[in-house]
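A.B. asks: Got a file for you: work_32.cif, mmCIF, C-alpha atoms and all ligand atoms.
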```cif
data_final
loop_
_atom_site.label_atom_id
_atom_site.label_comp_id
_atom_site.auth_asym_id
_atom_site.auth_seq_id
_atom_site.Cartn_x
_atom_site.Cartn_y
_atom_site.Cartn_z
CA MET X 1 0.00 0.00 0.00
CA THR X 2 1.31 3.43 -0.85
CA PHE X 3 0.49 6.43 1.25
CA ARG X 4 0.00 9.94 -0.02
CA LYS X 5 2.52 12.43 1.35
CA ARG X 6 0.97 14.52 4.10
CA TYR X 7 0.08 18.00 2.82
CA THR X 8 1.78 20.54 5.06
CA GLY X 9 0.70 23.86 3.61
CA LEU X 10 1.48 26.03 0.64
CA ILE X 11 4.91 27.28 1.69
CA ASP X 12 6.23 23.72 1.90
CA HIS X 13 4.48 22.87 -1.36
CA TYR X 14 5.70 25.88 -3.37
CA ARG X 15 8.90 26.52 -1.44
CA ASP X 16 10.95 27.06 -4.62
CA ARG X 17 8.67 29.90 -5.71
CA LEU X 18 8.31 31.72 -2.41
CA PRO X 19 10.73 33.99 -0.57
CA VAL X 20 11.72 31.62 2.27
CA HIS X 21 15.05 30.09 3.27
CA ASP X 22 15.80 26.44 3.97
CA ASP X 23 15.92 27.11 7.71
CA THR X 24 12.93 29.46 7.88
CA ARG X 25 10.47 28.42 10.60
CA ILE X 26 7.21 27.99 8.70
CA ILE X 27 4.00 29.11 10.42
CA SER X 28 1.30 27.03 8.75
CA LEU X 29 -2.14 25.60 9.39
CA GLY X 30 -2.19 23.49 6.22
CA GLU X 31 -3.67 26.25 4.05
CA GLY X 32 -4.10 26.05 0.27
CA ASN X 33 -4.84 22.96 -1.83
CA THR X 34 -8.50 23.96 -1.99
CA PRO X 35 -10.98 22.25 -4.34
CA LEU X 36 -11.63 23.52 -7.85
CA ILE X 37 -15.22 22.44 -8.35
CA LYS X 38 -16.85 22.30 -11.78
CA LEU X 39 -20.41 23.61 -11.64
CA HIS X 40 -22.91 21.10 -13.04
CA ASN X 41 -26.30 22.73 -12.68
CA ILE X 42 -25.88 26.50 -12.90
CA PRO X 43 -24.34 26.53 -16.42
CA ASP X 44 -27.54 24.84 -17.72
CA THR X 45 -29.49 27.91 -16.62
CA LEU X 46 -27.34 30.27 -18.71
CA GLU X 47 -27.94 31.38 -22.28
CA LYS X 48 -24.50 30.31 -23.55
CA ASP X 49 -22.51 27.12 -23.22
CA VAL X 50 -19.54 27.67 -20.88
CA ASP X 51 -17.51 25.77 -18.30
CA ILE X 52 -17.54 27.37 -14.86
CA TYR X 53 -15.26 26.22 -12.06
CA VAL X 54 -15.32 27.64 -8.56
CA LYS X 55 -12.17 27.75 -6.46
CA TYR X 56 -13.58 27.14 -3.00
CA GLU X 57 -11.26 29.23 -0.86
CA GLY X 58 -13.73 29.04 2.00
CA LEU X 59 -12.17 25.65 2.75
CA ASN X 60 -8.92 27.17 3.99
CA PRO X 61 -8.21 26.69 7.74
CA THR X 62 -9.92 29.88 8.89
CA GLY X 63 -12.51 29.81 6.12
CA SER X 64 -11.10 32.32 3.65
CA PHE X 65 -8.35 32.92 1.09
CA LYS X 66 -6.58 35.19 3.57
CA ASP X 67 -4.77 32.17 5.03
CA ARG X 68 -2.68 31.87 1.86
CA GLY X 69 -1.24 35.31 2.43
CA MET X 70 -1.16 35.09 6.20
CA THR X 71 1.07 32.01 6.35
CA MET X 72 3.68 33.97 4.37
CA ALA X 73 3.24 37.28 6.19
CA VAL X 74 3.43 35.73 9.68
CA THR X 75 6.28 33.38 8.72
CA LYS X 76 8.31 36.39 7.54
CA ALA X 77 7.29 38.56 10.51
CA VAL X 78 8.53 35.87 12.89
CA GLU X 79 11.70 35.36 10.86
CA GLU X 80 12.37 39.08 11.12
CA GLY X 81 11.93 38.96 14.91
CA SER X 82 8.52 40.60 15.16
CA LYS X 83 6.54 39.91 18.34
CA ALA X 84 3.27 41.46 17.17
CA ILE X 85 1.24 41.89 14.01
CA ILE X 86 -1.52 44.35 13.24
CA CYS X 87 -4.21 44.73 10.59
CA ALA X 88 -7.37 46.58 9.73
CA SER X 89 -10.06 44.22 8.54
CA THR X 90 -13.60 43.71 7.38
CA GLY X 91 -13.36 40.40 9.24
CA ASN X 92 -11.54 37.67 7.36
CA THR X 93 -8.05 39.14 7.60
CA SER X 94 -8.55 39.59 11.34
CA ALA X 95 -9.67 35.96 11.76
CA SER X 96 -6.68 34.75 9.80
CA ALA X 97 -4.18 37.06 11.50
CA ALA X 98 -5.46 35.96 14.91
CA ALA X 99 -5.09 32.28 14.03
CA TYR X 100 -1.58 32.49 12.61
CA ALA X 101 -0.41 34.73 15.46
CA ALA X 102 -1.75 32.16 17.94
CA ARG X 103 0.10 29.44 16.07
CA ALA X 104 3.32 31.47 16.13
CA GLY X 105 2.96 32.55 19.75
CA ILE X 106 2.88 36.27 19.00
CA THR X 107 0.24 38.97 19.52
CA ALA X 108 -2.33 40.06 16.91
CA PHE X 109 -3.97 43.49 17.07
CA VAL X 110 -6.99 43.76 14.80
CA LEU X 111 -9.00 46.88 13.98
CA ILE X 112 -12.51 46.15 12.79
CA PRO X 113 -15.42 48.42 11.85
CA ASP X 114 -17.80 48.49 14.79
CA GLY X 115 -20.95 46.46 14.07
CA LYS X 116 -20.06 45.85 10.42
CA ILE X 117 -18.35 42.50 10.47
CA ALA X 118 -20.04 39.12 10.21
CA GLN X 119 -20.48 37.28 13.51
CA GLY X 120 -18.43 34.22 12.54
CA LYS X 121 -15.38 36.36 11.84
CA LEU X 122 -15.67 38.23 15.12
CA ALA X 123 -16.04 34.92 16.98
CA GLN X 124 -12.85 33.64 15.35
CA ALA X 125 -10.74 36.68 16.23
CA MET X 126 -12.01 36.61 19.82
CA MET X 127 -11.47 32.87 20.31
CA GLU X 128 -8.02 32.99 18.76
CA GLY X 129 -6.92 35.54 21.30
CA ALA X 130 -6.46 38.65 19.18
CA VAL X 131 -6.65 42.08 20.77
CA VAL X 132 -9.81 43.28 19.04
CA LEU X 133 -10.20 47.03 18.58
CA GLN X 134 -13.66 47.98 17.32
CA VAL X 135 -13.30 51.26 15.48
CA ASN X 136 -16.12 53.72 15.27
CA GLY X 137 -15.59 54.06 11.53
CA ASN X 138 -15.23 51.89 8.43
CA PHE X 139 -12.38 49.69 7.14
CA ASP X 140 -10.70 52.62 5.41
CA ALA X 141 -10.49 54.56 8.69
CA GLY X 142 -8.99 51.52 10.41
CA MET X 143 -6.45 51.11 7.61
CA ARG X 144 -5.32 54.72 7.98
CA LEU X 145 -4.77 54.19 11.71
CA VAL X 146 -2.85 50.96 11.18
CA LYS X 147 -0.46 52.53 8.68
CA GLU X 148 0.21 55.41 11.02
CA VAL X 149 0.67 53.43 14.22
CA ALA X 150 3.04 50.96 12.53
CA GLU X 151 5.46 53.83 11.99
CA HIS X 152 5.85 54.24 15.75
CA ALA X 153 4.93 50.93 17.43
CA PRO X 154 6.81 47.59 17.17
CA VAL X 155 4.14 45.88 15.07
CA THR X 156 4.23 44.35 11.59
CA ILE X 157 1.35 45.19 9.26
CA VAL X 158 -0.22 42.06 7.76
CA ASN X 159 -2.72 43.72 5.46
CA SER X 160 -2.14 43.04 1.77
CA ILE X 161 0.16 46.07 1.53
CA ASN X 162 2.62 43.64 3.12
CA PRO X 163 4.20 42.20 -0.07
CA TYR X 164 4.51 38.71 1.43
CA ARG X 165 0.72 38.49 1.54
CA LEU X 166 0.44 38.65 -2.24
CA GLN X 167 3.26 36.13 -2.60
CA GLY X 168 1.27 33.60 -0.59
CA GLN X 169 -1.96 34.38 -2.38
CA LYS X 170 -0.45 33.93 -5.84
CA THR X 171 -0.34 30.17 -5.16
CA ALA X 172 -4.08 29.93 -5.85
CA ALA X 173 -3.30 30.62 -9.52
CA PHE X 174 -0.61 27.91 -9.49
CA GLU X 175 -3.11 25.37 -8.16
CA ILE X 176 -5.70 26.29 -10.80
CA ILE X 177 -3.22 25.93 -13.67
CA GLU X 178 -1.93 22.64 -12.33
CA GLU X 179 -5.43 21.20 -12.08
CA LEU X 180 -6.75 22.47 -15.41
CA GLY X 181 -3.46 21.90 -17.22
CA ARG X 182 -3.85 25.46 -18.54
CA ALA X 183 -4.94 28.89 -17.40
CA PRO X 184 -8.68 29.61 -17.64
CA ASP X 185 -9.88 32.10 -20.26
CA TYR X 186 -11.49 34.29 -17.59
CA HIS X 187 -10.81 34.55 -13.88
CA CYS X 188 -13.52 36.35 -11.92
CA LEU X 189 -13.03 37.66 -8.39
CA PRO X 190 -14.76 39.91 -5.89
CA VAL X 191 -12.69 43.05 -5.37
CA GLY X 192 -12.23 45.05 -2.18
CA ASN X 193 -8.67 46.24 -1.65
CA ALA X 194 -7.75 44.48 -4.93
CA GLY X 195 -4.88 42.56 -3.34
CA ASN X 196 -6.23 39.17 -4.39
CA ILE X 197 -6.80 40.03 -8.04
CA THR X 198 -3.23 41.36 -8.10
CA ALA X 199 -1.85 38.24 -6.41
CA HIS X 200 -3.57 35.97 -8.93
CA TRP X 201 -2.11 37.97 -11.79
CA ILE X 202 1.36 37.58 -10.31
CA GLY X 203 0.77 33.82 -10.09
CA TYR X 204 -0.50 33.48 -13.65
CA SER X 205 2.29 35.69 -14.93
CA GLU X 206 4.95 33.60 -13.24
CA TYR X 207 3.64 30.46 -14.87
CA ALA X 208 3.33 32.09 -18.28
CA CYS X 209 6.86 33.44 -18.47
CA ALA X 210 9.57 31.72 -20.46
CA ASP X 211 11.90 29.25 -18.75
CA GLY X 212 14.54 30.91 -16.68
CA ASP X 213 13.24 34.41 -17.32
CA LYS X 214 12.47 36.81 -14.57
CA VAL X 215 8.84 37.91 -14.82
CA THR X 216 9.15 41.45 -16.02
CA ASP X 217 5.53 42.56 -15.87
CA ALA X 218 4.61 40.83 -12.64
CA CYS X 219 7.82 41.80 -10.90
CA ALA X 220 6.54 45.33 -10.81
CA PHE X 221 4.04 44.04 -8.26
CA CYS X 222 6.17 42.19 -5.80
CA ASN X 223 8.46 44.85 -4.34
CA GLY X 224 11.42 42.64 -5.10
CA VAL X 225 10.45 39.78 -2.80
CA CYS X 226 9.55 37.31 -5.56
CA LYS X 227 12.15 34.62 -6.18
CA PHE X 228 10.53 32.84 -9.08
CA ALA X 229 12.90 31.87 -11.85
CA GLY X 230 10.93 30.31 -14.65
CA GLY X 231 9.33 26.99 -15.50
CA SER X 232 6.60 27.64 -18.01
CA ILE X 233 3.77 25.19 -18.63
CA VAL X 234 1.31 27.63 -20.14
CA GLY X 235 1.74 30.51 -22.50
CA ALA X 236 -1.57 32.24 -22.00
CA ARG X 237 -2.88 34.18 -19.07
CA PRO X 238 -6.57 34.73 -18.29
CA LYS X 239 -8.50 37.94 -18.60
CA MET X 240 -8.93 39.11 -15.01
CA VAL X 241 -12.42 40.34 -14.13
CA GLY X 242 -13.08 42.13 -10.85
CA TYR X 243 -16.58 42.63 -9.47
CA GLN X 244 -17.40 45.16 -6.79
CA ALA X 245 -20.58 45.72 -4.80
CA SER X 246 -22.47 48.69 -6.29
CA GLY X 247 -22.40 50.66 -3.04
CA SER X 248 -18.64 50.12 -2.68
CA ALA X 249 -17.35 50.35 -6.23
CA PRO X 250 -14.46 52.83 -6.45
CA PHE X 251 -13.06 51.07 -9.54
CA MET X 252 -16.35 51.71 -11.35
CA ARG X 253 -16.58 55.30 -10.18
CA GLY X 254 -12.95 55.92 -11.11
CA GLU X 255 -12.30 57.46 -7.72
CA MET X 256 -12.29 56.65 -4.02
CA VAL X 257 -15.67 56.25 -2.31
CA ASP X 258 -15.93 57.80 1.15
CA ASN X 259 -18.99 56.04 2.54
CA PRO X 260 -19.06 52.51 1.11
CA GLU X 261 -22.13 50.41 1.86
CA THR X 262 -23.08 46.84 0.96
CA VAL X 263 -24.55 43.71 2.49
CA ALA X 264 -21.29 42.03 1.43
CA THR X 265 -19.42 43.49 4.41
CA ALA X 266 -16.15 41.77 3.44
CA ILE X 267 -15.82 44.13 0.46
CA ARG X 268 -17.24 47.24 2.10
CA ILE X 269 -14.16 49.23 1.13
CA GLY X 270 -14.02 52.63 -0.52
CA HIS X 271 -10.28 53.29 -0.59
CA PRO X 272 -8.63 50.18 -2.08
CA GLN X 273 -5.02 49.73 -1.05
CA SER X 274 -3.94 48.11 -4.33
CA TRP X 275 -5.54 50.77 -6.55
CA ASP X 276 -2.63 51.18 -8.99
CA TYR X 277 -1.84 47.47 -9.18
CA ALA X 278 -5.44 46.63 -9.97
CA TRP X 279 -5.60 49.04 -12.91
CA LYS X 280 -2.38 47.54 -14.20
CA VAL X 281 -3.84 44.03 -13.91
CA ARG X 282 -6.92 45.10 -15.83
CA GLU X 283 -4.81 46.66 -18.56
CA GLU X 284 -2.26 43.86 -18.88
CA SER X 285 -4.85 41.08 -18.80
CA ASP X 286 -7.30 42.93 -21.05
CA GLY X 287 -9.95 42.30 -18.39
CA TRP X 288 -12.48 44.61 -16.78
CA PHE X 289 -14.19 45.78 -13.60
CA ASP X 290 -17.92 45.72 -13.09
CA GLU X 291 -20.36 46.04 -10.25
CA CYS X 292 -23.13 43.87 -8.80
CA THR X 293 -26.04 45.08 -6.73
CA ASP X 294 -26.62 43.60 -3.28
CA GLU X 295 -29.68 41.82 -4.71
CA GLU X 296 -27.61 40.18 -7.45
CA ILE X 297 -24.96 39.14 -4.94
CA LEU X 298 -27.44 37.55 -2.55
CA ALA X 299 -29.29 35.84 -5.41
CA ALA X 300 -26.05 34.27 -6.65
CA GLN X 301 -25.10 33.17 -3.14
CA LYS X 302 -28.45 31.43 -2.79
CA LEU X 303 -28.37 29.93 -6.28
CA LEU X 304 -24.96 28.42 -5.64
CA ALA X 305 -26.12 26.88 -2.37
CA GLU X 306 -29.42 25.59 -3.76
CA LYS X 307 -28.23 24.33 -7.14
CA GLU X 308 -24.72 23.12 -6.36
CA GLY X 309 -24.58 22.66 -2.58
CA ILE X 310 -21.78 25.18 -2.22
CA PHE X 311 -22.10 27.73 0.57
CA CYS X 312 -20.02 30.88 0.26
CA GLU X 313 -20.28 34.23 1.99
CA PRO X 314 -22.04 37.13 0.21
CA ALA X 315 -18.88 38.92 -1.01
CA SER X 316 -17.65 35.72 -2.65
CA ALA X 317 -20.84 35.36 -4.67
CA ALA X 318 -20.10 38.64 -6.47
CA SER X 319 -17.70 36.68 -8.68
CA LEU X 320 -20.42 34.29 -9.82
CA ALA X 321 -23.13 36.95 -10.03
CA GLY X 322 -20.98 39.03 -12.36
CA ALA X 323 -19.78 36.06 -14.42
CA MET X 324 -23.32 34.82 -15.04
CA ARG X 325 -24.40 38.26 -16.21
CA ASP X 326 -21.37 38.61 -18.50
CA VAL X 327 -21.96 35.15 -19.99
CA ASN X 328 -25.60 35.95 -20.72
CA SER X 329 -24.74 39.30 -22.28
CA GLY X 330 -22.06 37.70 -24.47
CA LYS X 331 -19.23 39.72 -22.97
CA ILE X 332 -17.77 36.36 -21.93
CA PRO X 333 -18.08 34.30 -25.13
CA GLU X 334 -19.49 30.83 -25.68
CA ASN X 335 -17.22 27.87 -24.83
CA SER X 336 -15.11 29.90 -22.42
CA CYS X 337 -13.41 28.30 -19.45
CA ILE X 338 -14.20 30.46 -16.42
CA VAL X 339 -12.89 30.27 -12.86
CA CYS X 340 -14.73 32.15 -10.10
CA THR X 341 -12.99 32.50 -6.76
CA LEU X 342 -15.24 31.88 -3.77
CA THR X 343 -13.20 33.84 -1.29
CA GLY X 344 -14.90 32.95 1.99
CA HIS X 345 -17.14 30.30 3.58
CA GLY X 346 -20.87 30.84 3.99
CA LEU X 347 -20.69 29.98 7.70
CA LYS X 348 -18.79 33.21 8.27
CA ASP X 349 -22.04 35.15 8.02
CA PRO X 350 -24.96 33.03 9.24
CA ASP X 351 -27.15 36.06 9.98
CA THR X 352 -27.30 37.21 6.37
CA ALA X 353 -27.89 33.65 5.19
CA ILE X 354 -30.78 33.00 7.55
CA LYS X 355 -32.31 36.39 6.78
CA GLN X 356 -32.49 35.72 3.07
CA SER X 357 -33.44 32.05 3.26
CA THR X 358 -36.97 31.44 2.02
CA ARG X 359 -37.14 27.78 3.04
CA PRO X 360 -39.58 27.30 5.88
CA VAL X 361 -38.37 25.50 8.97
CA ILE X 362 -41.26 23.18 9.78
CA SER X 363 -41.96 22.67 13.48
CA ILE X 364 -43.57 19.37 14.41
CA GLU X 365 -44.41 17.29 17.46
CA ALA X 366 -42.21 14.23 18.01
CA LYS X 367 -44.83 12.07 16.30
CA MET X 368 -44.45 9.72 13.33
CA ASP X 369 -47.58 10.87 11.47
CA GLN X 370 -46.28 14.44 11.47
CA VAL X 371 -42.91 13.34 10.05
CA LYS X 372 -44.68 11.28 7.37
CA THR X 373 -46.93 14.18 6.42
CA ALA X 374 -43.94 16.50 6.14
CA ILE X 375 -42.16 14.02 3.85
CA LEU X 376 -45.18 13.50 1.60
CA ASP X 377 -45.82 17.24 1.38
CA ASN X 378 -42.26 18.02 0.41
CA LEU X 379 -41.13 15.17 -1.87
CA ALA X 380 -40.01 16.67 -5.17
N1 LIG X 401 -13.87 38.32 -0.45
C1 LIG X 401 -13.77 38.21 0.88
C2 LIG X 401 -14.57 37.14 1.56
C3 LIG X 401 -12.92 39.08 1.61
O1 LIG X 401 -12.84 38.95 2.93
C4 LIG X 401 -12.22 40.09 0.92
C5 LIG X 401 -11.36 41.02 1.63
C6 LIG X 401 -12.35 40.14 -0.48
C7 LIG X 401 -13.20 39.25 -1.12
C8 LIG X 401 -11.63 41.16 -1.30
O2 LIG X 401 -10.30 40.84 -1.46
O3 LIG X 401 -9.35 42.98 -0.67
O4 LIG X 401 -7.95 41.33 -1.90
O5 LIG X 401 -9.73 42.62 -3.07
N2 LIG X 401 -11.35 41.13 2.88
C9 LIG X 401 -10.42 41.96 3.65
C10 LIG X 401 -10.52 41.64 5.12
C11 LIG X 401 -10.48 43.38 3.34
O6 LIG X 401 -10.21 42.50 5.96
O7 LIG X 401 -10.85 40.52 5.48
P1 LIG X 401 -9.24 42.02 -1.81
#
```
Turn the structure described in the file into structure tokens.
C.D. replies:
Amino acid sequence: MTFRKRYTGLIDHYRDRLPVHDDTRIISLGEGNTPLIKLHNIPDTLEKDVDIYVKYEGLNPTGSFKDRGMTMAVTKAVEEGSKAIICASTGNTSASAAAYAARAGITAFVLIPDGKIAQGKLAQAMMEGAVVLQVNGNFDAGMRLVKEVAEHAPVTIVNSINPYRLQGQKTAAFEIIEELGRAPDYHCLPVGNAGNITAHWIGYSEYACADGDKVTDACAFCNGVCKFAGGSIVGARPKMVGYQASGSAPFMRGEMVDNPETVATAIRIGHPQSWDYAWKVREESDGWFDECTDEEILAAQKLLAEKEGIFCEPASAASLAGAMRDVNSGKIPENSCIVCTLTGHGLKDPDTAIKQSTRPVISIEAKMDQVKTAILDNLA
């Protein structure tokens, strides 16, 4: 009998493409290696024939894609002797930072917008022992404070402005290429700070470059920390498509938004930190930005759960909501191969899910006839 090698996280797996040394102490919770699931039922409801895959990043250890970046950021912070990390967050970054800090035995300070983060995320940060600072203001206000305080206090910022974050997150693109044997034609993501769309572009670009070459385009993104040195298996890169929530869509407005609002609290961001990178990604990949209303986002979240059994949080569903619209309109052409990133797990935000669920919960007595009646009434 042969045994599969134990998976020990993305730094171990992609060590040759990440800025770590042989003796670096790796802080990992086994992140990455998430499923790429081909949708079977939703494509049948569309007007064009396309293949849609979802990259279910909600299955990372803390339930979001942030773990890919956090394993790198915390590993490097510890290597550099840092005893504390800090971030502003709409929830998922704080949950991830708290977990990896706990694992490393250092302190996490997290600044979250008061009353505007999903309950699951708050529960995680609290359980994992972070110092939680609820800011009377939005994510952008918290981010401003974090940048300023890090200039004076002995804390390492682990928001995606930390270049190691994007290095970790680029591995999602590696996994997709390795599973499909090619890059998709379109890669659709929800966009908040635009770190993740940038990280994916770095990943795709590294794979697409010629053997032994340094990646010239993508290197502009990595602040010199990338150590990739070639190994091409694909020549093409996808068009990158970023969807924002209508009430928080600075890339659509062409300027920062001061009072962002959306039910998708994870992307309730008006001042994206990777503004310039994201425009460069759009230009280089020949992709686009678009927006989805809260209604479209929630409808896509529900459709995905009902038709495919996949539960993601509202922000994540923006990728599918936008992709479905662009397939139907013909902007994404027939026979395309599309990947949508589902950035976070549905269990992060049970309140929003229960609020929009239309399925009745049927209360019965503990009696067989009542169970039987319920079954007969509800058999499809
Ligand atoms: N989806 C989810 C579930 C997120 O939590 C975020 C960002 C995004 C999408 C957008 O990714 O910022 O790289 O464009 N959440 C951050 C946080 C801001 O604090 O958890 P981005």
A.B. asks: Write out as a list in words the residues lying within 7 Å of Cys292 (chain X), counting only C-alpha atoms and excluding same-chain residues fewer than 3 positions away.
C.D. replies: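 Result of the neighbour search: Tyr243, Gln244, Ala245, Ser246, Glu296, Ile297, Ala318 and Gly322 of chain X.
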A.B. asks: Put a box with edges along x, y and z around all the listed atoms of ligand LIG 401 (chain X), pad it by 5 Å on each side, then give me its centre and sizes in Å, one decimal, as AutoDock Vina command-line options.
C.D. replies:
```
--center_x -11.3 --center_y 40.3 --center_z 1.4 --size_x 16.6 --size_y 16.2 --size_z 19.0
```
A.B. asks: Neighbours of ligand LIG 401 (chain X) at 8 Å or closer, counting all atoms listed in the file: which residues, as a PyMOL selection string?
C.D. replies: chain X and resi 64-66+87-95+139+159-160+189-198+266-269+272+313-316+342-345
A.B. asks: So how far away is CA of Ala208 (chain X) from CA of Ala236 (chain X), in Å?
C.D. replies: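 If I compute the distance from CA of Ala236 (chain X) to CA of Ala208 (chain X), I get 6.2 Å.
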A.B. asks: Between X:Lys170, X:Lys5, X:His187, X:Lys355, which is the closest to Ile52 (chain X) once you count only C-alpha atoms?
C.D. replies: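 Of all the options, X:His187 lies closest to Ile52 (chain X).
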A.B. asks: Set the distance at 7 Å and use all atoms listed in the file: which residues neighbour Leu133 (chain X) once local chain neighbours fewer than 3 positions away are removed? I'd like the list as number ranges by chain.
C.D. replies: X: 110-112
A.B. asks: At a cut-off of 12 Å, using all atoms listed in the file, what residues contact Arg182 (chain X)? Leave out same-chain residues fewer than 4 positions from it and give the result as a PyMOL selection string.
C.D. replies: chain X and resi 173-178+186+204+207-208+232-238+337-339
A.B. asks: To one decimal place in Å, what is the distance between CA of Ala199 (chain X) and CA of Gly32 (chain X)?
C.D. replies: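 Between these atoms lies a distance of 14.1 Å.
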A.B. asks: Using CA of Asn136 (chain X) and CA of Pro113 (chain X) as the two end points, give the distance in Å to one decimal.
C.D. replies: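 Separation of CA of Asn136 (chain X) and CA of Pro113 (chain X): 6.3 Å.
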A.B. asks: Counting only C-alpha atoms, what is within 12 Å of Ser28 (chain X), bar same-chain residues fewer than 6 positions away, as a ChimeraX atom specification?
C.D. replies: /X:7-13,60-62,67-76,96-97,99-104,168
A.B. asks: Hey, which of X:Asn33, X:Gln124, X:Ser82, X:Thr293 ends up closest to Ala98 (chain X)? Count only C-alpha atoms.
C.D. replies: X:Gln124
A.B. asks: Will you model N, CA and C atoms for region 1-20 of chain X and pass it back as a short mmCIF file (atom, residue, chain, number, x, y, z; two decimals), keeping the file's coordinate frame?
C.D. replies:
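Result saved to result-v6.cif:
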```cif
data_model
loop_
_atom_site.label_atom_id
_atom_site.label_comp_id
_atom_site.auth_asym_id
_atom_site.auth_seq_id
_atom_site.Cartn_x
_atom_site.Cartn_y
_atom_site.Cartn_z
N MET X 1 0.85 -1.21 0.00
CA MET X 1 0.00 0.00 0.00
C MET X 1 0.88 1.25 0.00
N THR X 2 0.54 2.18 -0.85
CA THR X 2 1.31 3.43 -0.85
C THR X 2 0.48 4.52 -0.18
N PHE X 3 1.17 5.36 0.56
CA PHE X 3 0.49 6.43 1.25
C PHE X 3 0.81 7.75 0.57
N ARG X 4 -0.21 8.62 0.54
CA ARG X 4 0.00 9.94 -0.02
C ARG X 4 0.80 10.77 0.97
N LYS X 5 1.73 11.59 0.45
CA LYS X 5 2.52 12.43 1.35
C LYS X 5 1.59 13.42 2.06
N ARG X 6 1.81 13.59 3.34
CA ARG X 6 0.97 14.52 4.10
C ARG X 6 1.13 15.93 3.56
N TYR X 7 0.02 16.61 3.31
CA TYR X 7 0.08 18.00 2.82
C TYR X 7 0.35 18.91 4.01
N THR X 8 1.38 19.73 3.91
CA THR X 8 1.78 20.54 5.06
C THR X 8 1.75 22.04 4.76
N GLY X 9 0.87 22.43 3.85
CA GLY X 9 0.70 23.86 3.61
C GLY X 9 1.41 24.35 2.37
N LEU X 10 1.03 25.57 1.96
CA LEU X 10 1.48 26.03 0.64
C LEU X 10 2.94 26.48 0.60
N ILE X 11 3.50 26.88 1.74
CA ILE X 11 4.91 27.28 1.69
C ILE X 11 5.77 26.04 1.43
N ASP X 12 5.50 24.96 2.15
CA ASP X 12 6.23 23.72 1.90
C ASP X 12 6.04 23.27 0.44
N HIS X 13 4.81 23.38 -0.03
CA HIS X 13 4.48 22.87 -1.36
C HIS X 13 5.14 23.68 -2.48
N TYR X 14 5.15 25.00 -2.32
CA TYR X 14 5.70 25.88 -3.37
C TYR X 14 6.96 26.60 -2.90
N ARG X 15 7.71 25.93 -2.07
CA ARG X 15 8.90 26.52 -1.44
C ARG X 15 9.83 27.18 -2.46
N ASP X 16 10.00 26.54 -3.62
CA ASP X 16 10.95 27.06 -4.62
C ASP X 16 10.46 28.35 -5.27
N ARG X 17 9.20 28.68 -5.08
CA ARG X 17 8.67 29.90 -5.71
C ARG X 17 8.30 30.97 -4.70
N LEU X 18 8.67 30.75 -3.46
CA LEU X 18 8.31 31.72 -2.41
C LEU X 18 9.56 32.18 -1.67
N PRO X 19 9.53 33.41 -1.18
CA PRO X 19 10.73 33.99 -0.57
C PRO X 19 10.99 33.48 0.85
N VAL X 20 11.33 32.18 0.97
CA VAL X 20 11.72 31.62 2.27
C VAL X 20 13.08 30.94 2.14
#
```
